[in-house]
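Content type mmCIF, C-alpha atoms and all ligand atoms, from the file final09.cif:
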```cif
data_run
loop_
_atom_site.label_atom_id
_atom_site.label_comp_id
_atom_site.auth_asym_id
_atom_site.auth_seq_id
_atom_site.Cartn_x
_atom_site.Cartn_y
_atom_site.Cartn_z
CA MET B 1 25.48 -2.42 -16.80
CA ALA B 2 22.77 0.01 -17.84
CA ALA B 3 19.52 0.34 -15.91
CA SER B 4 16.71 -1.22 -17.84
CA ASN B 5 13.41 -2.84 -17.15
CA LEU B 6 12.28 -3.20 -20.71
CA GLN B 7 13.78 -6.59 -21.54
CA ALA B 8 11.55 -9.47 -22.48
CA GLU B 9 10.29 -11.59 -19.63
CA ILE B 10 10.33 -15.35 -19.74
CA ASN B 11 7.86 -16.82 -17.27
CA ARG B 12 8.61 -20.17 -15.67
CA ASP B 13 6.56 -21.95 -13.03
CA LEU B 14 7.59 -21.44 -9.44
CA VAL B 15 9.75 -24.30 -8.17
CA VAL B 16 7.67 -26.20 -5.61
CA SER B 17 8.93 -26.89 -2.10
CA ARG B 18 7.39 -29.08 0.59
CA PRO B 19 7.79 -28.79 4.33
CA ASP B 20 8.65 -32.48 4.58
CA GLU B 21 11.82 -31.96 2.56
CA SER B 22 15.06 -31.82 4.54
CA ASP B 23 16.41 -28.55 5.92
CA GLU B 24 19.46 -28.93 3.69
CA THR B 25 17.36 -29.34 0.55
CA LEU B 26 15.21 -26.32 1.37
CA ARG B 27 18.19 -24.13 2.26
CA ALA B 28 20.06 -25.14 -0.90
CA ARG B 29 17.03 -24.35 -3.06
CA PHE B 30 16.58 -21.00 -1.34
CA ALA B 31 20.26 -20.21 -1.89
CA GLY B 32 19.96 -21.20 -5.55
CA TYR B 33 16.76 -19.51 -6.67
CA GLY B 34 16.33 -16.83 -3.99
CA TYR B 35 12.91 -18.07 -2.94
CA LEU B 36 10.86 -21.03 -1.79
CA TYR B 37 7.28 -21.71 -2.78
CA PHE B 38 5.10 -23.89 -0.55
CA PRO B 39 1.65 -24.63 -1.99
CA ALA B 40 -1.24 -24.81 0.50
CA LEU B 41 1.01 -24.41 3.52
CA VAL B 42 -1.49 -22.41 5.57
CA ALA B 43 -4.77 -24.12 6.47
CA ALA B 44 -7.72 -23.04 4.35
CA GLY B 45 -9.76 -22.19 7.45
CA ASP B 46 -7.07 -19.81 8.72
CA CYS B 47 -6.95 -18.03 5.36
CA ASP B 48 -10.74 -17.83 5.16
CA ALA B 49 -11.02 -16.37 8.65
CA LEU B 50 -8.40 -13.67 8.02
CA LEU B 51 -9.81 -12.87 4.58
CA ALA B 52 -13.31 -12.45 6.02
CA ASP B 53 -11.96 -10.11 8.72
CA ILE B 54 -9.98 -8.02 6.22
CA VAL B 55 -12.92 -7.74 3.84
CA ALA B 56 -15.21 -6.75 6.72
CA GLU B 57 -12.81 -3.90 7.52
CA ALA B 58 -12.68 -2.97 3.83
CA ASP B 59 -16.42 -2.32 3.82
CA PRO B 60 -17.92 -0.53 1.87
CA HIS B 61 -15.20 -0.82 -0.80
CA VAL B 62 -14.79 -4.59 -0.95
CA THR B 63 -17.27 -7.39 -0.41
CA LEU B 64 -16.84 -11.16 -0.22
CA ALA B 65 -18.66 -13.16 -2.92
CA SER B 66 -18.64 -16.92 -3.46
CA ASP B 67 -15.84 -16.46 -6.00
CA GLY B 68 -13.71 -14.26 -3.74
CA PRO B 69 -13.36 -10.58 -2.85
CA GLN B 70 -15.09 -8.12 -5.18
CA LEU B 71 -14.77 -4.39 -5.63
CA VAL B 72 -17.75 -2.19 -4.76
CA GLY B 73 -17.57 1.21 -6.43
CA GLU B 74 -14.39 2.88 -7.52
CA PRO B 75 -10.98 1.19 -7.62
CA PHE B 76 -8.24 2.36 -5.26
CA PHE B 77 -4.68 1.58 -4.34
CA GLU B 78 -2.37 1.95 -1.35
CA THR B 79 -2.38 5.61 -0.18
CA ASP B 80 -5.68 6.54 -1.90
CA PRO B 81 -8.30 8.01 0.48
CA ALA B 82 -10.34 4.79 0.42
CA TRP B 83 -7.27 2.81 1.42
CA ASP B 84 -6.40 5.22 4.21
CA ALA B 85 -9.96 4.99 5.52
CA ILE B 86 -10.00 1.20 5.80
CA TYR B 87 -6.37 0.41 6.56
CA PRO B 88 -6.30 1.32 10.28
CA GLY B 89 -9.11 -1.21 10.84
CA ILE B 90 -7.23 -3.85 8.87
CA GLN B 91 -4.00 -3.11 10.73
CA SER B 92 -5.83 -3.46 14.04
CA LEU B 93 -6.86 -7.05 13.32
CA GLU B 94 -5.32 -9.30 15.92
CA GLY B 95 -5.61 -12.12 13.41
CA LEU B 96 -3.44 -10.32 10.85
CA HIS B 97 -0.54 -10.11 13.28
CA GLY B 98 -1.03 -13.54 14.85
CA PHE B 99 -1.18 -15.15 11.40
CA PHE B 100 2.62 -14.96 11.12
CA HIS B 101 3.42 -16.12 14.64
CA THR B 102 1.92 -19.61 14.61
CA LEU B 103 4.11 -22.49 15.67
CA ALA B 104 4.13 -23.82 12.11
CA MET B 105 5.32 -20.49 10.68
CA ARG B 106 8.00 -20.05 13.29
CA GLU B 107 9.22 -23.64 12.90
CA LEU B 108 9.58 -23.19 9.16
CA GLN B 109 11.43 -19.89 9.59
CA SER B 110 13.72 -21.44 12.14
CA ARG B 111 14.50 -24.41 9.89
CA LEU B 112 15.37 -22.16 6.96
CA LEU B 113 17.49 -19.83 9.07
CA ASP B 114 19.00 -22.50 11.30
CA ALA B 115 18.43 -19.98 14.08
CA GLU B 116 15.69 -18.58 16.25
CA PRO B 117 13.53 -16.28 14.10
CA PHE B 118 12.43 -12.74 14.81
CA VAL B 119 9.20 -11.89 13.00
CA TYR B 120 9.11 -8.22 12.08
CA PRO B 121 6.31 -6.30 13.85
CA MET B 122 5.28 -4.74 10.54
CA LYS B 123 2.59 -6.87 8.96
CA MET B 124 1.22 -5.94 5.56
CA ALA B 125 -2.14 -6.54 3.90
CA ARG B 126 -2.30 -5.98 0.13
CA ILE B 127 -5.54 -5.15 -1.60
CA SER B 128 -5.14 -5.03 -5.36
CA THR B 129 -8.21 -3.76 -7.17
CA PRO B 130 -8.96 -3.91 -10.90
CA ARG B 131 -8.83 -0.82 -13.11
CA LYS B 132 -5.63 0.39 -11.47
CA ILE B 133 -3.20 -0.89 -14.06
CA GLY B 134 0.18 0.72 -13.53
CA CYS B 135 -0.36 1.00 -9.78
CA GLU B 136 0.81 -2.52 -8.98
CA THR B 137 4.04 -3.04 -7.01
CA PRO B 138 7.05 -2.46 -9.30
CA PRO B 139 10.12 -4.72 -9.22
CA HIS B 140 12.06 -4.07 -6.04
CA GLN B 141 14.24 -5.65 -3.37
CA ASP B 142 13.15 -5.67 0.25
CA ALA B 143 16.78 -5.21 1.27
CA HIS B 144 16.30 -1.66 0.01
CA SER B 145 12.72 -0.97 1.08
CA HIS B 146 13.19 -2.43 4.56
CA GLN B 147 16.89 -1.51 4.86
CA ALA B 148 17.64 -5.07 5.79
CA GLY B 149 20.60 -7.39 5.66
CA PRO B 150 21.04 -10.70 3.86
CA THR B 151 19.41 -12.89 6.50
CA MET B 152 16.05 -11.12 6.32
CA ALA B 153 13.39 -12.82 4.22
CA GLY B 154 9.92 -11.88 3.01
CA LEU B 155 6.98 -14.17 3.65
CA TRP B 156 3.91 -13.71 1.42
CA VAL B 157 0.63 -15.62 1.67
CA ALA B 158 -2.26 -15.83 -0.80
CA LEU B 159 -5.50 -15.72 1.19
CA HIS B 160 -7.53 -17.04 -1.76
CA ASP B 161 -6.84 -18.39 -5.24
CA VAL B 162 -4.88 -15.92 -7.35
CA PRO B 163 -4.94 -16.76 -11.06
CA GLU B 164 -2.92 -14.66 -13.51
CA GLU B 165 -5.62 -12.10 -14.23
CA LEU B 166 -5.86 -11.20 -10.52
CA GLY B 167 -2.21 -10.15 -10.43
CA ARG B 168 0.27 -12.63 -9.02
CA LEU B 169 3.50 -12.13 -7.10
CA LYS B 170 6.38 -12.72 -9.49
CA LEU B 171 10.05 -13.32 -8.67
CA LEU B 172 13.19 -12.73 -10.71
CA ALA B 173 14.99 -16.03 -10.29
CA ARG B 174 18.52 -15.87 -8.85
CA SER B 175 18.44 -12.08 -8.65
CA HIS B 176 19.47 -12.23 -4.98
CA THR B 177 23.04 -13.10 -5.95
CA ARG B 178 23.84 -9.64 -7.33
CA GLY B 179 23.62 -7.47 -4.24
CA VAL B 180 21.47 -4.47 -3.45
CA ARG B 181 20.75 -2.59 -6.67
CA PRO B 182 20.32 1.05 -7.56
CA VAL B 183 16.71 2.24 -7.56
CA PHE B 184 14.77 4.83 -9.47
CA GLN B 185 11.34 6.39 -9.18
CA ALA B 186 8.39 4.45 -10.52
CA ASP B 187 4.63 4.43 -10.49
CA GLY B 188 2.88 1.93 -8.27
CA VAL B 189 2.94 0.81 -4.66
CA GLY B 190 6.17 1.89 -2.97
CA GLY B 191 7.05 4.38 -5.70
CA ILE B 192 10.45 2.96 -6.61
CA GLN B 193 11.83 0.18 -8.70
CA CYS B 194 15.24 -1.37 -8.87
CA GLU B 195 17.58 -1.97 -11.71
CA ILE B 196 17.21 -5.18 -13.69
CA TYR B 197 20.23 -6.23 -15.70
CA PRO B 198 19.90 -7.03 -19.40
CA ASP B 199 20.67 -10.73 -18.97
CA GLU B 200 17.94 -11.17 -16.34
CA THR B 201 14.80 -12.34 -18.05
CA GLU B 202 13.70 -15.45 -16.14
CA TRP B 203 10.76 -14.70 -13.87
CA HIS B 204 9.13 -17.39 -11.78
CA VAL B 205 5.39 -17.23 -11.24
CA SER B 206 2.44 -19.60 -10.96
CA ASP B 207 -1.25 -19.37 -10.30
CA TYR B 208 -1.57 -19.33 -6.51
CA GLY B 209 -4.00 -21.28 -4.42
CA ARG B 210 -5.37 -20.31 -1.04
CA GLY B 211 -2.73 -20.73 1.64
CA ASP B 212 0.23 -20.79 -0.76
CA VAL B 213 3.35 -19.26 0.78
CA VAL B 214 6.33 -17.65 -0.91
CA ILE B 215 9.46 -16.95 1.10
CA PHE B 216 12.04 -14.77 -0.61
CA HIS B 217 15.54 -13.50 0.10
CA SER B 218 15.91 -9.81 0.96
CA CYS B 219 17.76 -9.23 -2.33
CA THR B 220 15.37 -11.18 -4.55
CA VAL B 221 13.72 -8.84 -7.04
CA HIS B 222 9.95 -9.30 -7.01
CA LYS B 223 6.89 -7.46 -8.24
CA ALA B 224 3.13 -7.79 -8.61
CA GLU B 225 1.27 -8.30 -11.84
CA PRO B 226 -1.63 -5.95 -12.56
CA ASN B 227 -5.15 -6.95 -11.67
CA ARG B 228 -6.81 -7.31 -15.09
CA THR B 229 -10.15 -8.67 -13.89
CA GLY B 230 -13.46 -6.89 -14.30
CA ASN B 231 -14.28 -6.61 -10.62
CA ALA B 232 -12.31 -9.11 -8.55
CA VAL B 233 -9.92 -7.97 -5.82
CA ARG B 234 -6.70 -9.72 -4.77
CA VAL B 235 -6.03 -9.86 -1.03
CA SER B 236 -2.74 -11.20 0.31
CA VAL B 237 -0.68 -10.65 3.44
CA ASP B 238 3.03 -10.55 4.07
CA THR B 239 5.71 -9.80 6.61
CA ARG B 240 9.46 -10.09 7.04
CA TYR B 241 11.58 -12.11 9.44
CA CYS B 242 15.25 -12.58 10.25
CA ASP B 243 17.44 -14.48 12.68
CA PHE B 244 16.99 -13.18 16.20
CA GLY B 245 19.70 -10.61 16.86
CA ALA B 246 20.20 -9.47 13.25
CA PRO B 247 19.89 -5.69 12.85
CA VAL B 248 16.32 -4.52 12.19
CA PHE B 249 15.90 -1.01 10.87
CA ARG B 250 13.59 1.02 13.09
CA THR B 251 10.90 1.72 10.46
CA ASN B 252 10.05 -2.01 10.55
CA ILE B 253 9.09 -1.63 14.20
CA GLU B 254 6.31 0.75 13.16
CA PRO B 255 2.88 -0.29 11.91
CA HIS B 256 2.64 -0.46 8.13
CA HIS B 257 1.60 3.03 6.93
CA GLY B 258 1.87 4.32 10.50
CA TRP B 259 4.31 6.90 9.14
CA ARG B 260 1.61 8.55 7.02
CA ILE B 261 -1.85 7.71 8.42
CA PRO B 262 -2.48 9.93 11.45
CA GLY B 263 -3.18 7.97 14.64
CA LEU B 264 -2.14 4.60 13.22
CA ASP B 265 0.09 3.54 16.09
CA TRP B 266 0.50 0.42 18.22
CA GLU B 267 -1.61 1.76 21.06
CA VAL B 268 -4.57 2.12 18.70
CA ILE B 269 -3.82 -1.19 16.99
CA TYR B 270 -3.68 -3.14 20.26
CA ARG B 271 -6.68 -1.41 21.83
CA ASP B 272 -9.26 -4.18 21.31
CA TRP B 273 -7.04 -7.26 21.22
CA ARG B 274 -8.15 -10.17 23.38
CA SER B 275 -4.62 -11.30 24.19
CA ASP B 276 -1.53 -9.31 25.09
CA ALA B 277 0.84 -12.12 24.11
CA LEU B 278 1.93 -10.43 20.87
CA GLN B 279 1.62 -6.85 22.04
CA TYR B 280 4.96 -5.04 22.11
CA TYR B 281 6.78 -8.38 21.79
CA TRP B 282 9.41 -6.53 19.78
CA GLN B 283 10.10 -3.82 22.34
CA ASP B 284 13.19 -5.39 23.84
CA TYR B 285 14.65 -6.53 20.55
CA PRO B 286 18.40 -6.07 20.99
CA ALA B 287 19.35 -4.81 17.52
CA ILE B 288 17.01 -2.04 16.39
CA THR B 289 19.13 0.28 14.26
O1 LIG Y 301 1.59 -8.52 -2.88
C1 LIG Y 301 2.01 -7.58 -3.53
O2 LIG Y 301 1.31 -6.97 -4.33
C2 LIG Y 301 3.40 -7.10 -3.37
C3 LIG Y 301 4.13 -7.82 -2.31
C4 LIG Y 301 5.52 -7.32 -2.19
O3 LIG Y 301 6.06 -6.69 -3.04
C5 LIG Y 301 6.27 -7.58 -0.99
O4 LIG Y 301 5.80 -8.35 -0.15
O5 LIG Y 301 7.38 -7.01 -0.85
#
```
Step by step, read the file and then write its structure as structure tokens.
Amino acid sequence: MAASNLQAEINRDLVVSRPDESDETLRARFAGYGYLYFPALVAAGDCDALLADIVAEADPHVTLASDGPQLVGEPFFETDPAWDAIYPGIQSLEGLHGFFHTLAMRELQSRLLDAEPFVYPMKMARISTPRKIGCETPPHQDAHSHQAGPTMAGLWVALHDVPEELGRLKLLARSHTRGVRPVFQADGVGGIQCEIYPDETEWHVSDYGRGDVVIFHSCTVHKAEPNRTGNAVRVSVDTRYCDFGAPVFRTNIEPHHGWRIPGLDWEVIYRDWRSDALQYYWQDYPAIT
């Protein structure tokens, strides 16, 4: 079928999951839609603390107002000089890395996988500013961008409320059932987008609340909406995980953007951490490819 991304989009609400549902129900829903959406899964206080730390590192470009993060000065996106200036500080936050290793997170991952999870070392913070329309993340599959197999999943968390105008994460329902797709160059974060077939029009998206979690299959096509606000900034965090022992491509063992920001390596990231419990935890992983 021809490559196209111009077909009409039909938006449906994300299907809601709850952690008190059975493992079988959650796994069947994940297998059916290619994602699970858990509203308010992460405690508000944990989101607030990480958001405050990220915004403090994003100074002087982002500030925290009573209605959420706000842009100060010119807009920027991933790889702009402003981003490169603040990102090493954000990457060095112990709280960003620990956020994905809590008992609750690991228990959920383990239930969905029916196996011990391995949380990828690469942790991502997304800062989506207004007035950068066209720079948002294009539709893609993490199976391609992280060179990962079918048991890897993405885990995305809204650190504050994300209504439509702030640019939500959007998923192409059931798109994980059609394998890893061809990609082509595109504007926006990551610089590539994948093929979307003409019969695929059903996107799932909802306004997010603080602490909402989306878990998606490595082949699920997903993208970000543009930030159409006047001055508000969207901050979210995400990582990847798989069953312990599944192959993990070596770039995922590097810090996010470590490949292009000079000096952004684990030694620098770990320098001021209070605990060494999560430092180099991945070093002896048996299947780095
Ligand atoms: O949050 C975003 O803007 C994009 C997230 C994403 O594409 C991902 O986690 O793979």
So that I can check the surroundings of segment 84-96 of chain B, please list as a list in words every protein, DNA and RNA residue that reaches within 7 Å of it, counting all atoms listed in the file and ignoring chain neighbours fewer than 2 positions away.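 Contacts, with the query itself left out: Leu50, Ile54, Glu57, Ala58, Thr79, Asp80, Pro81, Ala82, Gly98, Phe99, Ile261, Leu264, Ile269, Tyr270 and Trp273 of chain B.
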If the limit is 9 Å from any atom of ligand LIG 301 (chain Y), counting all atoms listed in the file, which residues qualify? Return them as a VMD selection string. chain B and resid 124 to 128 136 to 142 145 154 to 158 167 to 170 189 to 190 216 221 to 226 234 to 240
Using atom CA of Gln279 of chain B and atom CA of Gly258 of chain B as the two end points, give the distance in Å to one decimal. 16.1 Å
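Computed from the coordinates, the atom CA of Ala31 of chain B to atom CA of Ile288 of chain B distance equals 26.0 Å.
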Could you tell me which of B:Pro69, B:Gly191, B:Gly245, B:Pro150 comes closest to His176 of chain B if we count all atoms listed in the file?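 Closest to His176 of chain B, using all atoms listed in the file: B:Pro150.
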Distance query 10 Å from (4.1, -1.1, 11.0) using only C-alpha atoms, result as a PyMOL selection string: chain B and resi 91+120-124+239+250-259+264-266+269
Based on the selection just made, write C-alpha atoms of those residues as a compact mmCIF listing (two decimals), in the frame of the given file.
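And here's selection-v5.txt as it stands now:
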```txt
# COMPACT_ATOMS: atom_id res chain seq x y z
CA GLN B 91 -4.00 -3.11 10.73
CA TYR B 120 9.11 -8.22 12.08
CA PRO B 121 6.31 -6.30 13.85
CA MET B 122 5.28 -4.74 10.54
CA LYS B 123 2.59 -6.87 8.96
CA MET B 124 1.22 -5.94 5.56
CA THR B 239 5.71 -9.80 6.61
CA ARG B 250 13.59 1.02 13.09
CA THR B 251 10.90 1.72 10.46
CA ASN B 252 10.05 -2.01 10.55
CA ILE B 253 9.09 -1.63 14.20
CA GLU B 254 6.31 0.75 13.16
CA PRO B 255 2.88 -0.29 11.91
CA HIS B 256 2.64 -0.46 8.13
CA HIS B 257 1.60 3.03 6.93
CA GLY B 258 1.87 4.32 10.50
CA TRP B 259 4.31 6.90 9.14
CA LEU B 264 -2.14 4.60 13.22
CA ASP B 265 0.09 3.54 16.09
CA TRP B 266 0.50 0.42 18.22
CA ILE B 269 -3.82 -1.19 16.99
```
Report, in Å with one decimal, the straight-line distance from atom CA of Val42 of chain B to atom CA of His160 of chain B. 10.9 Å
Can you list, as an NGL selection string, every protein, DNA or RNA residue that comes within 8 Å of Ser175 of chain B when you count only C-alpha atoms, leaving out same-chain residues fewer than 3 positions away? :B and (33-34 or 172 or 178 or 200 or 219-221)
Point (14.3, -16.7, 3.5), cut-off 9 Å, counting only C-alpha atoms, residues as a PDB file with C-alpha atoms, keeping the file's coordinate frame:
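Ended up saving to selection12.pdb:
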```pdb
ATOM      1  CA  ARG B  27      18.190 -24.130   2.260  1.00  0.00           C
ATOM      2  CA  PHE B  30      16.580 -21.000  -1.340  1.00  0.00           C
ATOM      3  CA  ALA B  31      20.260 -20.210  -1.890  1.00  0.00           C
ATOM      4  CA  GLY B  34      16.330 -16.830  -3.990  1.00  0.00           C
ATOM      5  CA  TYR B  35      12.910 -18.070  -2.940  1.00  0.00           C
ATOM      6  CA  LEU B  36      10.860 -21.030  -1.790  1.00  0.00           C
ATOM      7  CA  GLN B 109      11.430 -19.890   9.590  1.00  0.00           C
ATOM      8  CA  LEU B 112      15.370 -22.160   6.960  1.00  0.00           C
ATOM      9  CA  LEU B 113      17.490 -19.830   9.070  1.00  0.00           C
ATOM     10  CA  THR B 151      19.410 -12.890   6.500  1.00  0.00           C
ATOM     11  CA  MET B 152      16.050 -11.120   6.320  1.00  0.00           C
ATOM     12  CA  ALA B 153      13.390 -12.820   4.220  1.00  0.00           C
ATOM     13  CA  GLY B 154       9.920 -11.880   3.010  1.00  0.00           C
ATOM     14  CA  LEU B 155       6.980 -14.170   3.650  1.00  0.00           C
ATOM     15  CA  ILE B 215       9.460 -16.950   1.100  1.00  0.00           C
ATOM     16  CA  PHE B 216      12.040 -14.770  -0.610  1.00  0.00           C
ATOM     17  CA  HIS B 217      15.540 -13.500   0.100  1.00  0.00           C
ATOM     18  CA  SER B 218      15.910  -9.810   0.960  1.00  0.00           C
ATOM     19  CA  ARG B 240       9.460 -10.090   7.040  1.00  0.00           C
ATOM     20  CA  TYR B 241      11.580 -12.110   9.440  1.00  0.00           C
ATOM     21  CA  CYS B 242      15.250 -12.580  10.250  1.00  0.00           C
TER      22      CYS B 242
END
```
Env of Ser110 of chain B: 12 Å cut, atoms = all atoms listed in the file, seq-sep filter 5 positions within chain, self excluded. Answer as an MDAnalysis selection string. chainID B and resid 23 26:27 101 103:105 115:119 151 153 241:244
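Using only C-alpha atoms, the shortest contact distance between His144 of chain B and any of B:Ser206, B:Gln193, B:Gln70, B:Thr177 is found at B:Gln193.
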Residues within 7 Å of Pro75 of chain B, all atoms listed in the file, excluding chain neighbours under 4 positions, as a ChimeraX atom specification: /B:129-132
